[in-house]
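**Q** Compact mmCIF, C-alpha atoms, file model-v8.txt:
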```txt
# COMPACT_ATOMS: atom_id res chain seq x y z
CA MET I 49 89.68 83.92 74.02
CA SER I 50 91.99 81.56 72.18
CA LYS I 51 91.00 78.04 71.27
CA ASN I 52 93.90 76.73 73.34
CA ALA I 53 92.69 78.61 76.41
CA ALA I 54 89.18 77.24 75.99
CA GLY I 55 90.47 73.72 75.48
CA ALA I 56 92.64 73.94 78.57
CA ARG I 57 89.60 74.12 80.83
CA THR I 58 88.46 71.05 82.69
CA GLY I 59 84.86 69.86 82.38
CA GLY I 60 83.86 71.60 85.62
CA GLU I 61 85.55 74.84 84.55
CA GLN I 62 83.72 74.74 81.22
CA ALA I 63 80.38 74.31 83.04
CA LEU I 64 81.24 77.24 85.33
CA ALA I 65 82.25 79.43 82.37
CA LEU I 66 79.01 78.59 80.53
CA TYR I 67 76.96 79.34 83.66
CA GLN I 68 78.69 82.72 84.11
CA ALA I 69 78.16 83.60 80.45
CA LEU I 70 74.43 82.77 80.61
CA ARG I 71 74.05 84.70 83.85
CA ALA I 72 75.86 87.75 82.43
CA ALA I 73 73.59 87.87 79.37
CA PRO I 74 70.10 86.61 80.30
CA GLY I 75 68.13 85.23 77.36
CA THR I 76 71.21 84.24 75.35
CA PRO I 77 70.63 80.88 73.60
CA LEU I 78 72.73 78.07 74.99
CA ALA I 79 74.34 77.27 71.65
CA GLU I 80 75.35 80.91 71.13
CA ALA I 81 76.94 81.18 74.59
CA ALA I 82 78.84 77.96 73.97
CA ARG I 83 80.14 79.21 70.59
CA GLU I 84 81.45 82.39 72.21
CA LEU I 85 83.36 80.21 74.68
CA GLN I 86 84.64 78.10 71.74
CA LEU I 87 83.23 74.90 73.23
CA THR I 88 82.80 71.87 71.01
CA ASP I 89 79.38 70.27 70.73
CA ALA I 90 80.46 67.48 73.09
CA GLU I 91 81.85 69.97 75.63
CA ARG I 92 78.67 72.04 75.43
CA GLU I 93 76.48 68.99 76.09
CA ARG I 94 78.62 67.89 79.04
CA ALA I 95 78.54 71.37 80.57
CA HIS I 96 74.79 71.66 79.94
CA ALA I 97 74.17 68.27 81.59
CA GLU I 98 76.25 69.25 84.63
CA LEU I 99 74.42 72.55 85.11
CA THR I 100 71.05 70.80 84.71
CA ASP I 101 71.98 68.11 87.27
CA LEU I 102 72.97 70.82 89.74
CA GLY I 103 69.68 72.66 89.17
CA LEU I 104 71.51 75.78 87.99
CA VAL I 105 69.85 75.97 84.57
CA ASP I 106 66.20 75.44 83.59
CA THR I 107 65.92 74.59 79.89
CA THR I 108 62.14 74.07 79.80
CA ALA I 109 61.70 77.67 78.59
CA PRO I 110 62.61 78.80 75.01
CA ALA I 111 65.75 80.46 76.38
CA PRO I 112 67.72 78.84 79.24
CA GLN I 113 66.78 80.27 82.64
CA VAL I 114 69.73 80.70 85.02
CA ILE I 115 69.01 79.79 88.65
CA ALA I 116 70.86 81.44 91.56
CA PRO I 117 73.16 78.99 93.41
CA ASP I 118 71.38 79.36 96.79
CA VAL I 119 67.98 78.72 95.19
CA ALA I 120 69.37 75.69 93.34
CA LEU I 121 70.79 74.32 96.60
CA LEU I 122 67.47 74.64 98.40
CA GLY I 123 65.79 72.87 95.49
CA LEU I 124 68.27 69.99 95.69
CA LEU I 125 67.81 69.80 99.46
CA ARG I 126 64.03 69.62 99.07
CA HIS I 127 64.38 66.92 96.42
CA GLU I 128 66.72 64.89 98.65
CA ARG I 129 64.38 65.33 101.63
CA ASP I 130 61.42 64.15 99.54
CA ARG I 131 63.41 61.10 98.42
CA LEU I 132 64.25 60.22 102.03
CA GLU I 133 60.66 60.70 103.17
CA SER I 134 59.47 58.49 100.33
CA ARG I 135 62.01 55.79 101.22
CA LEU I 136 61.02 55.90 104.91
CA ALA I 137 57.34 55.65 103.92
CA GLU I 138 58.15 52.57 101.83
CA THR I 139 60.00 51.07 104.80
CA SER I 140 57.02 51.73 107.06
CA ARG I 141 54.74 49.95 104.59
CA ALA I 142 57.16 47.03 104.45
CA HIS I 143 57.10 46.78 108.27
CA THR I 144 53.30 46.76 108.23
CA ALA I 145 53.35 43.92 105.70
CA LEU I 146 55.89 41.97 107.79
CA GLU I 147 53.77 42.37 110.92
CA THR I 148 50.81 40.97 109.00
CA LEU I 149 52.89 38.06 107.72
CA ALA I 150 54.07 37.37 111.25
CA GLY I 151 50.59 36.07 112.12
CA PRO I 152 49.28 32.58 111.35
CA PHE I 153 51.03 32.37 107.98
CA LEU I 154 54.58 32.57 109.29
CA ARG I 155 53.90 30.69 112.50
CA ALA I 156 53.31 27.75 110.19
CA ARG I 157 56.77 28.52 108.72
CA THR I 158 57.40 28.95 105.02
CA GLU I 159 56.62 26.42 102.35
CA PRO I 160 59.38 23.98 101.31
CA GLY I 161 61.65 25.48 98.72
CA SER I 162 60.65 29.06 99.51
CA GLU I 163 63.41 31.59 98.94
CA VAL I 164 62.46 33.71 101.98
CA GLU I 165 62.03 32.61 105.58
CA VAL I 166 60.77 35.05 108.21
CA GLU I 167 60.02 34.58 111.88
CA ILE I 168 59.35 36.73 114.93
CA VAL I 169 61.78 36.15 117.82
CA ASP I 170 61.04 37.51 121.31
CA ASP I 171 63.62 35.45 123.22
CA PRO I 172 66.78 37.52 123.94
CA ALA I 173 68.82 34.34 124.41
CA ARG I 174 67.79 33.12 120.94
CA ILE I 175 68.76 36.47 119.43
CA ALA I 176 72.15 36.31 121.17
CA ARG I 177 72.74 32.79 119.77
CA GLU I 178 71.84 33.90 116.24
CA LEU I 179 74.30 36.81 116.45
CA ALA I 180 77.03 34.53 117.83
CA ASP I 181 76.49 32.00 115.04
CA LEU I 182 76.60 34.83 112.51
CA THR I 183 80.31 35.37 113.13
CA LYS I 184 80.97 31.77 112.06
CA THR I 185 78.65 31.67 109.05
CA VAL I 186 79.10 35.10 107.42
CA ARG I 187 81.15 35.01 104.22
CA GLY I 188 81.43 38.53 102.83
CA SER I 189 80.06 41.41 104.89
CA VAL I 190 78.23 42.47 108.04
CA HIS I 191 76.32 45.77 108.18
CA THR I 192 74.80 47.12 111.40
CA MET I 193 73.05 50.27 112.55
CA ALA I 194 72.15 51.08 116.16
CA THR I 195 69.94 53.82 117.58
CA GLY I 196 71.74 53.80 120.95
CA SER I 197 75.01 53.01 122.68
CA VAL I 198 76.54 49.56 123.04
CA ARG I 199 76.12 48.21 126.56
CA ARG I 200 79.34 48.45 128.54
CA GLU I 201 79.39 44.68 129.23
CA GLU I 202 79.07 43.95 125.49
CA MET I 203 81.87 46.19 124.21
CA ALA I 204 84.69 43.65 124.64
CA GLN I 205 82.58 40.97 122.96
CA GLU I 206 81.90 43.26 120.02
CA LEU I 207 85.62 43.99 119.61
CA ASP I 208 86.35 40.25 119.63
CA ARG I 209 83.81 39.74 116.85
CA ASP I 210 85.35 42.57 114.83
CA ARG I 211 88.82 41.12 115.27
CA GLU I 212 87.73 37.66 114.11
CA ARG I 213 85.69 38.91 111.16
CA VAL I 214 88.31 41.30 109.84
CA ALA I 215 90.96 38.56 110.13
CA ARG I 216 88.77 36.40 107.86
CA GLY I 217 88.46 39.21 105.30
CA ILE I 218 84.86 40.08 106.24
CA ARG I 219 83.84 43.68 105.58
CA VAL I 220 82.40 45.22 108.76
CA GLN I 221 80.29 48.39 108.59
CA ALA I 222 78.51 49.99 111.56
CA MET I 223 76.38 53.13 111.83
CA TYR I 224 75.48 55.13 114.95
CA SER I 225 73.87 58.49 115.66
CA HIS I 226 76.02 61.59 116.13
CA ARG I 227 74.87 61.83 119.75
CA VAL I 228 76.17 58.35 120.50
CA GLY I 229 79.58 59.44 119.23
CA GLN I 230 79.58 62.27 121.75
CA VAL I 231 79.51 59.87 124.72
CA PRO I 232 83.19 59.55 125.85
CA GLU I 233 83.04 55.81 126.52
CA MET I 234 81.35 55.15 123.18
CA ASP I 235 83.83 57.41 121.40
CA GLN I 236 86.67 55.26 122.76
CA HIS I 237 84.82 52.12 121.70
CA LEU I 238 84.27 53.42 118.14
CA ALA I 239 87.95 54.38 117.93
CA ALA I 240 88.89 50.84 118.98
CA ARG I 241 86.57 49.31 116.36
CA THR I 242 88.04 51.58 113.69
CA ALA I 243 91.58 50.58 114.69
CA LEU I 244 90.62 46.92 114.17
CA GLY I 245 89.46 47.64 110.61
CA ALA I 246 85.72 48.18 111.04
CA GLU I 247 84.17 51.01 108.99
CA ILE I 248 82.22 53.34 111.30
CA ARG I 249 79.92 56.20 110.30
CA LEU I 250 77.77 58.64 112.27
CA SER I 251 74.41 59.98 111.11
CA PRO I 252 72.04 62.70 112.38
CA VAL I 253 69.21 60.13 112.39
CA VAL I 254 69.42 56.32 112.58
CA PRO I 255 65.97 54.92 111.70
CA MET I 256 66.18 51.59 113.56
CA ASN I 257 68.42 48.86 114.92
CA MET I 258 69.47 46.54 112.10
CA VAL I 259 71.91 43.69 111.48
CA LEU I 260 72.54 42.45 107.92
CA ALA I 261 74.92 39.71 106.80
CA ASP I 262 75.76 38.92 103.19
CA GLU I 263 72.45 38.77 101.28
CA HIS I 264 70.87 36.06 103.40
CA PHE I 265 70.39 37.37 106.96
CA ALA I 266 68.54 40.35 108.45
CA LEU I 267 67.64 41.09 112.08
CA LEU I 268 65.54 44.16 112.92
CA PRO I 269 62.79 45.17 115.36
CA THR I 270 59.09 44.71 114.65
CA ASP I 271 58.62 48.29 115.88
CA PRO I 272 61.47 50.64 114.78
CA ARG I 273 60.44 53.11 117.52
CA ASP I 274 60.92 50.47 120.24
CA PRO I 275 64.34 48.75 120.22
CA ALA I 276 63.08 46.33 122.89
CA SER I 277 60.28 45.01 120.66
CA PRO I 278 60.43 41.43 119.32
CA ALA I 279 62.84 40.98 116.42
CA ILE I 280 62.15 40.06 112.83
CA LEU I 281 64.59 37.39 111.67
CA ALA I 282 64.62 37.17 107.86
CA ARG I 283 66.63 34.80 105.72
CA GLY I 284 66.93 34.81 101.95
CA PRO I 285 67.87 37.49 99.39
CA GLY I 286 64.28 38.35 98.51
CA LEU I 287 63.89 40.49 101.64
CA VAL I 288 67.49 41.08 102.68
CA ARG I 289 68.34 42.91 99.47
CA ALA I 290 65.62 45.46 100.16
CA TYR I 291 67.03 46.17 103.62
CA ARG I 292 70.55 46.37 102.19
CA ALA I 293 69.33 49.07 99.77
CA LEU I 294 67.91 51.05 102.71
CA TYR I 295 71.15 50.61 104.63
CA ALA I 296 73.23 51.74 101.65
CA TYR I 297 71.12 54.90 101.33
CA CYS I 298 71.58 55.76 105.03
CA TRP I 299 75.30 54.91 104.80
CA ARG I 300 75.91 57.36 101.96
CA ALA I 301 74.26 60.15 103.97
CA ALA I 302 76.34 59.43 107.10
CA THR I 303 79.73 60.91 108.05
CA PRO I 304 82.83 58.69 108.48
CA TYR I 305 83.89 58.46 112.12
CA GLY I 306 86.66 60.94 112.87
CA HIS I 307 85.68 63.29 110.01
CA GLN I 308 83.08 65.43 111.78
CA GLU I 309 82.84 68.99 110.53
CA PRO I 310 84.62 71.50 112.76
CA ASP I 311 82.59 74.06 114.68
CA ALA I 312 79.38 72.09 114.19
CA HIS I 313 76.57 74.10 115.82
CA GLY I 314 73.34 72.36 116.69
CA GLY I 315 70.89 75.20 116.16
CA ASP I 316 69.51 74.85 119.70
CA GLY I 317 69.74 78.60 120.22
CA LEU I 318 67.41 79.47 117.32
CA THR I 319 64.16 81.25 118.23
CA GLU I 320 60.82 80.13 116.78
CA GLN I 321 60.85 83.19 114.50
CA GLN I 322 64.34 82.31 113.21
CA ARG I 323 63.31 78.69 112.62
CA ALA I 324 60.20 79.80 110.75
CA ALA I 325 62.25 82.10 108.52
CA LEU I 326 64.75 79.32 107.86
CA ARG I 327 62.05 76.82 106.86
CA MET I 328 60.33 79.31 104.55
CA LEU I 329 63.59 80.17 102.79
CA ALA I 330 64.36 76.46 102.43
CA SER I 331 60.97 76.05 100.74
CA GLY I 332 62.01 78.59 98.09
CA ILE I 333 60.00 81.53 99.46
CA LYS I 334 61.55 84.91 98.65
CA ASP I 335 62.65 87.34 101.35
CA GLU I 336 59.73 89.67 100.56
CA GLN I 337 57.15 86.91 101.12
CA VAL I 338 58.94 85.78 104.28
CA ALA I 339 58.66 89.35 105.58
CA ARG I 340 54.92 89.43 104.79
CA ASN I 341 54.31 86.02 106.39
CA LEU I 342 56.14 87.03 109.57
CA GLY I 343 54.74 90.56 109.61
CA VAL I 344 58.20 92.13 109.71
CA SER I 345 60.36 94.31 107.47
CA LEU I 346 62.87 93.13 104.87
CA ARG I 347 65.63 94.46 107.12
CA THR I 348 64.35 92.24 109.94
CA VAL I 349 64.36 89.21 107.62
CA SER I 350 67.98 89.95 106.68
CA ARG I 351 68.86 90.21 110.36
CA LEU I 352 67.08 86.91 111.14
CA ILE I 353 69.02 85.12 108.40
CA SER I 354 72.30 86.60 109.63
CA GLU I 355 71.49 85.37 113.13
CA VAL I 356 70.66 81.90 111.77
CA MET I 357 73.97 81.77 109.89
CA HIS I 358 75.84 82.80 113.04
CA GLU I 359 74.04 80.19 115.16
CA LEU I 360 74.81 77.42 112.65
CA GLY I 361 78.40 78.55 112.13
CA ALA I 362 77.76 79.12 108.42
CA ALA I 363 79.51 81.65 106.22
CA SER I 364 76.70 81.84 103.63
CA ARG I 365 73.06 80.99 103.09
CA PHE I 366 74.24 78.08 101.00
CA GLU I 367 76.22 76.58 103.89
CA ALA I 368 73.43 77.37 106.36
CA GLY I 369 70.98 75.40 104.21
CA VAL I 370 73.28 72.37 104.13
CA LYS I 371 73.84 72.41 107.90
CA ALA I 372 70.16 72.97 108.62
CA ALA I 373 69.23 69.95 106.48
CA ARG I 374 71.80 67.74 108.21
CA LEU I 375 70.53 68.82 111.63
CA GLY I 376 66.90 68.11 110.73
CA LEU I 377 65.90 71.76 111.19
CA LEU I 378 64.02 71.91 107.88
CA ASP I 379 61.51 69.15 108.55
CA GLY I 380 60.84 69.72 112.25
CA GLU I 381 61.95 66.22 113.25
CA ASN I 382 63.33 65.61 116.68
CA GLY I 383 66.93 64.70 117.12
CA PRO I 384 68.26 61.16 117.52
CA GLU I 385 67.23 59.09 120.48
CA ASP I 386 68.96 59.31 123.81
CA PRO I 387 72.44 57.80 123.39
CA GLY I 388 71.99 55.99 126.65
CA GLU I 389 69.29 53.80 125.12
CA ALA I 390 71.05 50.62 124.18
CA GLY I 391 70.52 49.00 120.80
CA ARG I 392 71.25 45.45 119.80
CA SER I 393 74.68 44.97 118.22
CA ALA I 394 76.13 42.23 116.07
```
Reformat the file's structure so that it appears as structure tokens.
**A**
Amino acid sequence: MSKNAAGARTGGEQALALYQALRAAPGTPLAEAARELQLTDAERERAHAELTDLGLVDTTAPAPQVIAPDVALLGLLRHERDRLESRLAETSRAHTALETLAGPFLRARTEPGSEVEVEIVDDPARIARELADLTKTVRGSVHTMATGSVRREEMAQELDRDRERVARGIRVQAMYSHRVGQVPEMDQHLAARTALGAEIRLSPVVPMNMVLADEHFALLPTDPRDPASPAILARGPGLVRAYRALYAYCWRAATPYGHQEPDAHGGDGLTEQQRAALRMLASGIKDEQVARNLGVSLRTVSRLISEVMHELGAASRFEAGVKAARLGLLDGENGPEDPGEAGRSA
């Protein structure tokens, strides 16, 4: 290969070429494979870093170990799932702390000069007034997530708020569950909000109702599993920034409204045996061990995986793993709440 040909590759192409070279000759030192591809030291390090980030190369051994793409994907999915579970556990602990603070300490209100002010509000009229005042006081952004549909009688009011906020240059972001987006009336409402300039995303799971404004206002339920529970009203960046970080994480994992994947299968037709095989493969278990665990032959395991791919509308194990993770099939969680259950909106 000429030096010009090697230099013409982009960074991603160089990483792919290095991966293919290592896979074709197992045990070849990284530096030697890079020299054969005529990569500079800087190009070799960039390609190595990219392959490591993707989980395609394990350099803990004396010679680099090449990982198959489907195994690397499942590893990344497990890592991402663990991160989400850890974040949700942290959120649960924060809610427990807030519920404790909502006792005699916060009923006496916060000390003068405190950066954070928290109170428990169980009056729906008070909550409605706070949300109405928010439109007048917000300066930069409003972020909301809702576990259920917007009440029909509140849709026009929500559109009016969007119109006023966007006209003032306020960034409006809203997140709903995928099931909410499948309700025709809600689909029309989300389309109308998008047309006004609001940013809408849909997610397989929305953890709770939440309203955030700038870095100084947060409204969320005391019990995330019960949208009708009393609300926590927090003011001050000390707490609001933490909830904004949680919102940003959920936002990145959500899908922009109108960009749903075509032919999205829900996996409802999977048998218990197929689900068990899928979860074991996602955990990194080899086909042979899956066959032993299920008490079936390797041919049966291959058939089960083919049936799973067909049910999920996936063309490969790689794609099946991605869709299964998005649908919550790998952790056994239930789907989003009933879209008819209304959540508070801002």
**Q** Looking at all atoms listed in the file, which of I:Gln68, I:Thr303, I:Gln321, I:Thr139 is the one that sits closest to Val105 in chain I?
**A** I:Gln68
**Q** In Å to one decimal, how far is CA of His127 in chain I from CA of Asn341 in chain I?
**A**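 Between CA of Asn341 in chain I and CA of His127 in chain I the gap works out to 23.8 Å.
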**Q** Here is a test: counting only C-alpha atoms, which residue of I:Ala330, I:Leu238, I:Ile353, I:Ala276 is nearest to Gly306 in chain I?
**A**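 Comparing I:Ala330, I:Leu238, I:Ile353, I:Ala276 against Gly306 in chain I, the winner is I:Leu238.
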**Q** What's around Leu99 in chain I at 10 Å? Count all atoms listed in the file, leave out sequence neighbours fewer than 3 positions away in its own chain, and write the answer as a PDB file with C-alpha atoms, keeping the file's coordinate frame.
**A**
```pdb
ATOM      1  CA  GLY I  60      83.860  71.600  85.620  1.00  0.00           C
ATOM      2  CA  ALA I  63      80.380  74.310  83.040  1.00  0.00           C
ATOM      3  CA  LEU I  64      81.240  77.240  85.330  1.00  0.00           C
ATOM      4  CA  LEU I  66      79.010  78.590  80.530  1.00  0.00           C
ATOM      5  CA  TYR I  67      76.960  79.340  83.660  1.00  0.00           C
ATOM      6  CA  GLU I  93      76.480  68.990  76.090  1.00  0.00           C
ATOM      7  CA  ARG I  94      78.620  67.890  79.040  1.00  0.00           C
ATOM      8  CA  ALA I  95      78.540  71.370  80.570  1.00  0.00           C
ATOM      9  CA  HIS I  96      74.790  71.660  79.940  1.00  0.00           C
ATOM     10  CA  LEU I 102      72.970  70.820  89.740  1.00  0.00           C
ATOM     11  CA  GLY I 103      69.680  72.660  89.170  1.00  0.00           C
ATOM     12  CA  LEU I 104      71.510  75.780  87.990  1.00  0.00           C
ATOM     13  CA  VAL I 105      69.850  75.970  84.570  1.00  0.00           C
ATOM     14  CA  ASP I 106      66.200  75.440  83.590  1.00  0.00           C
ATOM     15  CA  VAL I 114      69.730  80.700  85.020  1.00  0.00           C
ATOM     16  CA  ILE I 115      69.010  79.790  88.650  1.00  0.00           C
TER      17      ILE I 115
END
```
**Q** Which of these, I:Leu207, I:Val344, I:Ala290, I:Leu125, has the shortest distance to Leu260 in chain I once you count all atoms listed in the file?
**A** I:Ala290
**Q** Expressed in Å to a single decimal, how great is the separation between CA of Glu167 in chain I and CA of Ala282 in chain I?
**A**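 For CA of Glu167 in chain I relative to CA of Ala282 in chain I, the distance reads 6.6 Å.
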**Q** Just to confirm, what's the straight-line distance from CA of Ala261 in chain I to CA of Arg174 in chain I in Å (one decimal)?
**A**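 The value is 17.2 Å.
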**Q** Using all atoms listed in the file, which residues sit within 10 Å of Ala142 in chain I once same-chain residues fewer than 6 positions away are excluded, as a compact mmCIF listing (two decimals) with C-alpha atoms, in the coordinates of the input?
**A**
```
# COMPACT_ATOMS: atom_id res chain seq x y z
CA LEU I 136 61.02 55.90 104.91
CA THR I 148 50.81 40.97 109.00
CA LEU I 287 63.89 40.49 101.64
CA ALA I 290 65.62 45.46 100.16
CA TYR I 291 67.03 46.17 103.62
```
**Q** Taking (64.2, 92.1, 105.6) in the coordinates of the supplied file, I want to know which residues reach to within 7 Å of it, counting only C-alpha atoms; could you give the answer as a list in words?
**A**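 Final list of nearby residues, as requested, is Asp335, Ala339, Ser345, Leu346, Arg347, Thr348, Val349, Ser350 and Arg351 of chain I.
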**Q** Under the rule that all atoms listed in the file are counted, which of I:Arg374, I:His191, I:Lys184, I:Arg83 is the nearest residue to Ala293 in chain I?
**A**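 Of I:Arg374, I:His191, I:Lys184, I:Arg83, the one nearest Ala293 in chain I, counting all atoms listed in the file, is I:His191.
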**Q** Here is a test: counting only C-alpha atoms, which residue of I:Ala194, I:Gln205, I:Gln221, I:Gln230 is nearest to Met258 in chain I?
**A**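 Of the candidates, the smallest distance to Met258 in chain I is held by I:Ala194.
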**Q** I'd like to know which of I:Gly332, I:Gly317, I:Gly361, I:Gly343 is closest to Leu122 in chain I, using all atoms listed in the file.
**A**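 Looking at the shortest contact to Leu122 in chain I, the residue is I:Gly332.
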**Q** Neighbouring residues of Ala302 in chain I were defined as those with any atom within 10 Å, considering all atoms listed in the file; residues of the same chain fewer than 3 positions away were excluded. Please report them as a list in words.
**A**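 Counting only the stated atoms, we get Met223, Tyr224, Ser225, His226, Ile248, Arg249, Leu250, Ser251, Pro252, Val253, Val254, Ala296, Tyr297, Cys298, Trp299, Tyr305 and Arg374 of chain I.
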